[in-house]
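**Q** mmCIF, C-alpha atoms, saved as entry-v6.cif, coming up:
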```cif
data_data
loop_
_atom_site.label_atom_id
_atom_site.label_comp_id
_atom_site.auth_asym_id
_atom_site.auth_seq_id
_atom_site.Cartn_x
_atom_site.Cartn_y
_atom_site.Cartn_z
CA MET D 12 0.00 0.00 0.00
CA THR D 13 1.51 3.26 -1.11
CA ALA D 14 1.35 6.25 1.22
CA LYS D 15 -0.26 9.40 -0.19
CA PRO D 16 1.89 12.53 -0.13
CA ALA D 17 0.94 14.92 2.66
CA LYS D 18 -0.89 18.04 1.54
CA THR D 19 0.55 21.39 2.41
CA ALA D 20 -1.62 23.81 4.40
CA SER D 21 -2.05 25.96 1.31
CA ALA D 22 -3.05 23.05 -0.88
CA ALA D 23 -5.50 21.81 1.72
CA LYS D 24 -7.09 25.26 1.95
CA THR D 25 -7.41 25.43 -1.83
CA ALA D 26 -8.92 21.98 -2.03
CA LYS D 27 -11.43 22.80 0.71
CA ALA D 28 -12.47 26.01 -1.07
CA THR D 29 -12.84 24.10 -4.33
CA ARG D 30 -15.13 21.54 -2.71
CA ASN D 31 -17.22 24.23 -0.99
CA PRO D 32 -19.69 25.91 -3.45
CA ALA D 33 -20.20 28.83 -1.06
CA ALA D 34 -16.47 29.44 -0.92
CA ARG D 35 -16.23 29.36 -4.72
CA LEU D 36 -19.10 31.86 -4.98
CA ALA D 37 -17.52 34.19 -2.44
CA SER D 38 -14.22 33.99 -4.29
CA ALA D 39 -15.92 34.84 -7.58
CA LYS D 40 -17.68 37.82 -6.02
CA ARG D 41 -14.61 39.37 -4.42
CA PRO D 42 -13.71 41.69 -7.35
CA GLY D 43 -17.32 42.92 -7.48
CA VAL D 44 -17.31 43.59 -3.76
CA ARG D 45 -14.12 45.63 -4.08
CA GLU D 46 -15.58 47.58 -6.99
CA GLN D 47 -18.73 48.27 -4.99
CA ALA D 48 -16.68 49.47 -2.03
CA ALA D 49 -14.71 51.78 -4.31
CA GLN D 50 -17.93 53.17 -5.81
CA THR D 51 -19.37 53.72 -2.34
CA THR D 52 -16.26 55.62 -1.29
CA ARG D 53 -16.44 57.73 -4.43
CA ASP D 54 -20.15 58.46 -3.93
CA ASN D 55 -19.57 59.43 -0.29
CA ILE D 56 -16.88 61.90 -1.33
CA LEU D 57 -19.14 63.37 -4.02
CA ARG D 58 -22.03 63.86 -1.57
CA ALA D 59 -19.75 65.37 1.04
CA ALA D 60 -18.19 67.71 -1.52
CA THR D 61 -21.63 68.90 -2.61
CA LYS D 62 -22.48 69.94 0.94
CA VAL D 63 -19.08 71.47 1.66
CA PHE D 64 -18.88 73.47 -1.57
CA ALA D 65 -22.47 74.65 -1.11
CA ARG D 66 -21.66 75.85 2.41
CA TYR D 67 -18.15 77.27 1.99
CA GLY D 68 -17.90 78.01 -1.72
CA TYR D 69 -15.11 76.82 -3.97
CA GLU D 70 -12.27 78.57 -2.14
CA GLY D 71 -13.50 77.69 1.34
CA GLY D 72 -14.36 74.13 0.43
CA SER D 73 -10.97 72.61 1.16
CA VAL D 74 -9.95 69.05 0.40
CA GLU D 75 -9.43 68.52 4.13
CA LYS D 76 -13.00 69.58 4.97
CA ILE D 77 -14.40 67.34 2.26
CA SER D 78 -12.41 64.28 3.31
CA GLN D 79 -13.40 64.81 6.95
CA SER D 80 -17.06 65.15 6.01
CA ALA D 81 -16.85 61.99 3.87
CA LYS D 82 -14.95 60.17 6.66
CA SER D 83 -12.27 59.46 4.11
CA PHE D 84 -8.73 60.61 3.34
CA ASP D 85 -7.34 63.46 1.26
CA ARG D 86 -5.46 61.01 -0.96
CA MET D 87 -8.72 59.31 -1.95
CA ILE D 88 -10.03 62.58 -3.38
CA TYR D 89 -6.95 62.91 -5.58
CA TYR D 90 -7.16 59.21 -6.49
CA TYR D 91 -10.78 59.37 -7.69
CA PHE D 92 -11.06 62.95 -8.95
CA GLY D 93 -7.51 64.06 -9.72
CA SER D 94 -7.76 67.46 -8.04
CA LYS D 95 -10.05 69.74 -6.08
CA GLU D 96 -11.16 71.36 -9.34
CA GLY D 97 -11.86 67.96 -10.86
CA LEU D 98 -14.05 67.14 -7.87
CA PHE D 99 -15.90 70.46 -8.12
CA ILE D 100 -16.59 69.89 -11.82
CA GLU D 101 -18.02 66.46 -11.05
CA VAL D 102 -20.19 67.97 -8.30
CA LEU D 103 -21.66 70.39 -10.83
CA GLU D 104 -22.13 67.63 -13.40
CA ASP D 105 -23.83 65.45 -10.81
CA MET D 106 -26.25 68.23 -9.88
CA TYR D 107 -27.17 68.78 -13.53
CA ARG D 108 -27.49 65.03 -14.12
CA ARG D 109 -29.80 64.51 -11.16
CA MET D 110 -32.10 67.30 -12.30
CA ASN D 111 -32.05 65.95 -15.84
CA ASP D 112 -32.85 62.41 -14.66
CA ALA D 113 -35.73 63.67 -12.53
CA GLU D 114 -37.14 65.66 -15.44
CA LEU D 115 -36.97 62.65 -17.76
CA GLU D 116 -39.21 60.78 -15.31
CA LEU D 117 -42.05 63.21 -16.00
CA THR D 118 -44.99 61.66 -17.78
CA LEU D 119 -45.86 64.15 -20.50
CA ASP D 120 -48.61 63.83 -23.09
CA LEU D 121 -47.74 65.44 -26.42
CA ALA D 122 -51.43 65.41 -27.25
CA GLN D 123 -51.95 67.82 -24.32
CA PRO D 124 -49.15 70.36 -24.90
CA VAL D 125 -50.60 73.10 -22.66
CA GLU D 126 -50.98 70.86 -19.61
CA SER D 127 -47.65 69.19 -20.28
CA LEU D 128 -45.87 72.53 -20.52
CA LYS D 129 -47.44 73.48 -17.17
CA ASP D 130 -46.04 70.24 -15.73
CA VAL D 131 -42.56 71.14 -16.97
CA ILE D 132 -42.75 74.60 -15.38
CA ASN D 133 -44.05 73.19 -12.10
CA PHE D 134 -41.24 70.65 -12.09
CA VAL D 135 -38.49 73.22 -12.64
CA VAL D 136 -39.71 75.65 -9.97
CA THR D 137 -40.35 72.87 -7.46
CA TYR D 138 -36.95 71.29 -8.12
CA TYR D 139 -35.16 74.59 -7.53
CA SER D 140 -37.12 75.07 -4.31
CA LYS D 141 -36.39 71.59 -2.98
CA ASN D 142 -32.71 71.60 -3.98
CA PRO D 143 -31.25 74.88 -2.70
CA GLU D 144 -27.73 73.41 -2.88
CA PHE D 145 -28.09 73.34 -6.65
CA ILE D 146 -28.84 77.06 -6.70
CA THR D 147 -25.97 77.84 -4.31
CA LEU D 148 -23.48 75.87 -6.39
CA LEU D 149 -24.59 77.59 -9.59
CA ASN D 150 -24.18 80.97 -7.88
CA THR D 151 -20.67 79.96 -6.83
CA GLU D 152 -19.76 78.88 -10.34
CA ASN D 153 -21.15 82.08 -11.83
CA LEU D 154 -18.92 84.07 -9.48
CA HIS D 155 -16.07 82.20 -11.14
CA ARG D 156 -17.46 83.12 -14.58
CA GLY D 157 -18.20 79.46 -15.34
CA LYS D 158 -14.51 78.59 -15.69
CA HIS D 159 -14.94 75.17 -14.10
CA ILE D 160 -18.11 73.93 -15.79
CA SER D 161 -16.72 75.13 -19.14
CA LYS D 162 -14.11 72.37 -18.75
CA SER D 163 -16.80 69.72 -18.46
CA ALA D 164 -17.22 67.38 -21.39
CA ARG D 165 -20.74 66.43 -20.27
CA ALA D 166 -22.41 69.73 -19.35
CA ARG D 167 -24.20 70.16 -22.68
CA ASP D 168 -25.47 66.59 -22.53
CA TYR D 169 -27.68 67.59 -19.60
CA SER D 170 -29.21 70.70 -21.19
CA SER D 171 -30.11 69.06 -24.50
CA PRO D 172 -32.90 66.76 -23.19
CA ALA D 173 -34.60 69.62 -21.31
CA ILE D 174 -34.72 71.78 -24.44
CA ALA D 175 -35.75 68.78 -26.55
CA ILE D 176 -38.78 68.18 -24.31
CA ILE D 177 -39.92 71.79 -24.67
CA ARG D 178 -39.32 71.69 -28.44
CA GLN D 179 -41.55 68.61 -28.78
CA LEU D 180 -44.32 70.28 -26.80
CA LEU D 181 -44.08 73.47 -28.83
CA GLU D 182 -44.17 71.54 -32.12
CA SER D 183 -47.16 69.53 -30.94
CA GLY D 184 -48.97 72.68 -29.84
CA ALA D 185 -48.19 74.43 -33.11
CA ALA D 186 -49.51 71.44 -35.08
CA GLN D 187 -52.74 71.65 -33.10
CA GLY D 188 -53.02 75.39 -33.71
CA VAL D 189 -52.57 76.14 -30.00
CA PHE D 190 -48.99 77.45 -29.88
CA ARG D 191 -47.18 79.91 -32.12
CA ALA D 192 -44.82 78.30 -34.61
CA ASP D 193 -42.15 81.00 -34.32
CA VAL D 194 -41.18 80.47 -30.67
CA SER D 195 -37.71 79.16 -29.86
CA ALA D 196 -37.54 76.19 -27.47
CA ARG D 197 -34.25 77.57 -26.18
CA ASN D 198 -35.85 80.91 -25.30
CA VAL D 199 -38.79 79.26 -23.57
CA TYR D 200 -36.34 77.11 -21.58
CA LEU D 201 -34.40 80.22 -20.58
CA LEU D 202 -37.60 82.01 -19.60
CA ILE D 203 -38.64 79.18 -17.30
CA ALA D 204 -35.17 78.69 -15.85
CA ALA D 205 -34.55 82.42 -15.35
CA THR D 206 -37.81 83.22 -13.59
CA GLY D 207 -37.60 80.13 -11.39
CA TYR D 208 -33.91 80.49 -10.60
CA PHE D 209 -33.98 84.22 -9.85
CA TYR D 210 -36.78 83.88 -7.32
CA ILE D 211 -35.15 81.03 -5.39
CA SER D 212 -31.61 82.37 -5.67
CA ASN D 213 -32.57 85.82 -4.34
CA ARG D 214 -35.35 84.82 -1.96
CA HIS D 215 -33.51 86.01 1.15
CA THR D 216 -32.59 89.48 -0.09
CA LEU D 217 -35.90 89.95 -1.90
CA SER D 218 -37.81 89.02 1.24
CA ALA D 219 -35.97 91.74 3.16
CA PHE D 220 -36.31 94.25 0.31
CA LEU D 221 -40.04 93.65 -0.24
CA GLY D 222 -40.87 93.18 3.41
CA GLU D 223 -42.53 89.81 2.92
CA ASP D 224 -41.47 86.21 3.25
CA LEU D 225 -41.05 84.81 -0.25
CA GLN D 226 -40.30 81.35 1.11
CA THR D 227 -43.81 80.55 2.30
CA PRO D 228 -45.70 77.89 0.32
CA GLU D 229 -48.33 80.51 -0.55
CA ALA D 230 -45.78 82.97 -1.93
CA LEU D 231 -44.01 80.26 -3.93
CA ALA D 232 -47.30 78.97 -5.37
CA GLN D 233 -48.26 82.49 -6.41
CA TRP D 234 -44.97 82.99 -8.25
CA GLN D 235 -45.25 79.56 -9.83
CA ALA D 236 -48.70 80.44 -11.18
CA PHE D 237 -47.32 83.74 -12.50
CA ILE D 238 -44.53 81.93 -14.38
CA ILE D 239 -47.06 79.58 -15.96
CA SER D 240 -49.21 82.53 -17.02
CA THR D 241 -46.19 84.37 -18.44
CA VAL D 242 -44.92 81.38 -20.43
CA LEU D 243 -48.36 80.51 -21.83
CA ARG D 244 -48.97 84.11 -22.89
CA THR D 245 -45.65 83.96 -24.70
CA VAL D 246 -46.22 80.73 -26.60
CA MET D 247 -49.97 80.58 -27.25
CA LEU D 248 -51.65 81.90 -30.37
CA ASN D 249 -54.62 83.17 -28.37
CA PRO D 250 -53.47 83.69 -24.77
#
```
How does the structure come out when it is put into structure tokens?
**A**
Amino acid sequence: MTAKPAKTASAAKTAKATRNPAARLASAKRPGVREQAAQTTRDNILRAATKVFARYGYEGGSVEKISQSAKSFDRMIYYYFGSKEGLFIEVLEDMYRRMNDAELELTLDLAQPVESLKDVINFVVTYYSKNPEFITLLNTENLHRGKHISKSARARDYSSPAIAIIRQLLESGAAQGVFRADVSARNVYLLIAATGYFYISNRHTLSAFLGEDLQTPEALAQWQAFIISTVLRTVMLNP
């Protein structure tokens, strides 16, 4: 009877893992788990940076503050985003993307262009109101004359769908004889964005200047109705 060679500890461990289906599955999943952990770390940094930049601005939003808020390390910011500016650009892109994704979830009926256009206006004003960090970050970037977002390769990707939605509604309304055919979708988009953005962005100073609280639900609803009226009077053949 021939003696079998003794297995080394490493070989025994490998053989055991091979026989155990659960161990094989865990081994196969390890790269995915690491990738998920990396994505979680990246997402945490992005969320923390959004809050820090919104609170302290670009200059005051230091890498140290962001890493502390994310419970991470400075080196991880440079690893995932390259630089503080790279992180700030991704924060801006992420804010645009989230608004764009939310808008694309709207259920709009091209056969009802007037009601659908109202829905778009209501969405924009409500989104600005519920996401003040977005407004603050845009204000910060405008103070920098847009020098960071102008370096983004994706910024225009997020504006195109919004304008495309309005263009479809205008074309549908014009085909039905409800809307004018000579109205630019870009201009209507700017009208909605400007009136909604200005109100939310300047709500604190305007409240003091006008002597009334523009942040109450009643005041916001009144302005929202005024924007709808203004836009419809602009685009309709017979306002």
**Q** Kindly provide, as a list in words, the polymer residues lying within 9 Å of (-37.5, 77.7, -11.3), counting all atoms listed in the file and using the coordinates exactly as they appear in the file.
**A**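 I get Ile132, Asn133, Phe134, Val135, Val136, Thr137, Tyr138, Tyr139, Ser140, Ile203, Ala204, Ala205, Thr206, Gly207, Tyr208, Phe209, Tyr210, Ile211, Gln235 and Ile238 of chain D for the residues within 9 Å of that point.
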**Q** If you measure from atom CA of Ser218 of chain D to atom CA of Val102 of chain D, what distance in Å do you get, rounded to one decimal?
**A** 29.1 Å
**Q** Select all residues near (-40.2, 70.5, -20.0) (cut-off 12 Å, inclusive, file coordinates), counting all atoms listed in the file, and output them as a short mmCIF file (atom, residue, chain, number, x, y, z; two decimals) with C-alpha atoms, keeping the file's coordinate frame.
**A**
```cif
data_model
loop_
_atom_site.label_atom_id
_atom_site.label_comp_id
_atom_site.auth_asym_id
_atom_site.auth_seq_id
_atom_site.Cartn_x
_atom_site.Cartn_y
_atom_site.Cartn_z
CA MET D 110 -32.10 67.30 -12.30
CA ASN D 111 -32.05 65.95 -15.84
CA ALA D 113 -35.73 63.67 -12.53
CA GLU D 114 -37.14 65.66 -15.44
CA LEU D 115 -36.97 62.65 -17.76
CA GLU D 116 -39.21 60.78 -15.31
CA LEU D 117 -42.05 63.21 -16.00
CA THR D 118 -44.99 61.66 -17.78
CA LEU D 119 -45.86 64.15 -20.50
CA ASP D 120 -48.61 63.83 -23.09
CA LEU D 121 -47.74 65.44 -26.42
CA PRO D 124 -49.15 70.36 -24.90
CA VAL D 125 -50.60 73.10 -22.66
CA GLU D 126 -50.98 70.86 -19.61
CA SER D 127 -47.65 69.19 -20.28
CA LEU D 128 -45.87 72.53 -20.52
CA LYS D 129 -47.44 73.48 -17.17
CA ASP D 130 -46.04 70.24 -15.73
CA VAL D 131 -42.56 71.14 -16.97
CA ILE D 132 -42.75 74.60 -15.38
CA ASN D 133 -44.05 73.19 -12.10
CA PHE D 134 -41.24 70.65 -12.09
CA VAL D 135 -38.49 73.22 -12.64
CA VAL D 136 -39.71 75.65 -9.97
CA SER D 170 -29.21 70.70 -21.19
CA SER D 171 -30.11 69.06 -24.50
CA PRO D 172 -32.90 66.76 -23.19
CA ALA D 173 -34.60 69.62 -21.31
CA ILE D 174 -34.72 71.78 -24.44
CA ALA D 175 -35.75 68.78 -26.55
CA ILE D 176 -38.78 68.18 -24.31
CA ILE D 177 -39.92 71.79 -24.67
CA ARG D 178 -39.32 71.69 -28.44
CA GLN D 179 -41.55 68.61 -28.78
CA LEU D 180 -44.32 70.28 -26.80
CA LEU D 181 -44.08 73.47 -28.83
CA ALA D 196 -37.54 76.19 -27.47
CA ARG D 197 -34.25 77.57 -26.18
CA VAL D 199 -38.79 79.26 -23.57
CA TYR D 200 -36.34 77.11 -21.58
CA LEU D 201 -34.40 80.22 -20.58
CA LEU D 202 -37.60 82.01 -19.60
CA ILE D 203 -38.64 79.18 -17.30
CA ALA D 204 -35.17 78.69 -15.85
CA VAL D 242 -44.92 81.38 -20.43
#
```
**Q** Please identify all polymer residues within 9 Å of His159 of chain D, counting only C-alpha atoms, omitting same-chain residues fewer than 3 positions from it, and present them as a ChimeraX atom specification.
**A** /D:96-97,99-100,103,152,155-156,162-163
**Q** Could you write out as lines of an AutoDock Vina configuration file the box around segment 204-221 of chain D (axis-aligned, all atoms listed in the file, 8 Å on each side), with centre and edge lengths in Å to one decimal?
**A**
```
center_x = -35.8
center_y = 86.5
center_z = -6.3
size_x = 24.4
size_y = 31.6
size_z = 35.0
```
**Q** For atom CA of Ile146 of chain D and atom CA of Gly72 of chain D, determine how far apart the two atoms are, in Å to one decimal place.
**A**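 That distance, rounded to one decimal, is 16.4 Å.
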**Q** I'd like to see the residues matched by the PyMOL selection byres ((chain D and resi 76-83) around 8) on this file, and ideally I'd get them as a PyMOL selection string.
**A** chain D and resi 52+55-56+58-60+63+72-75+84-85+87-88
**Q** Between atom CA of Arg66 of chain D and atom CA of Asn150 of chain D, what is the distance, to one decimal in Å?
**A** 11.8 Å
**Q** Measuring atom to atom with all atoms listed in the file, identify which of D:Gln123, D:Ser240, D:Tyr107, D:Glu229 is nearest to Glu182 of chain D.
**A**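 The answer is D:Gln123, which sits nearest to Glu182 of chain D.
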**Q** Skip Pro143 of chain D itself and residues of its chain fewer than 6 positions away, then list as JSON, numbers by chain all residues within 10 Å of it, counting all atoms listed in the file.
**A** {"D": [65, 149, 211, 212]}
**Q** Point out the residue among D:Asp112, D:Asn142, D:Trp234, D:Ala49 with the least atom-to-atom distance to Lys62 of chain D, counting only C-alpha atoms.
**A**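 Looking at the shortest contact to Lys62 of chain D, the residue is D:Asn142.
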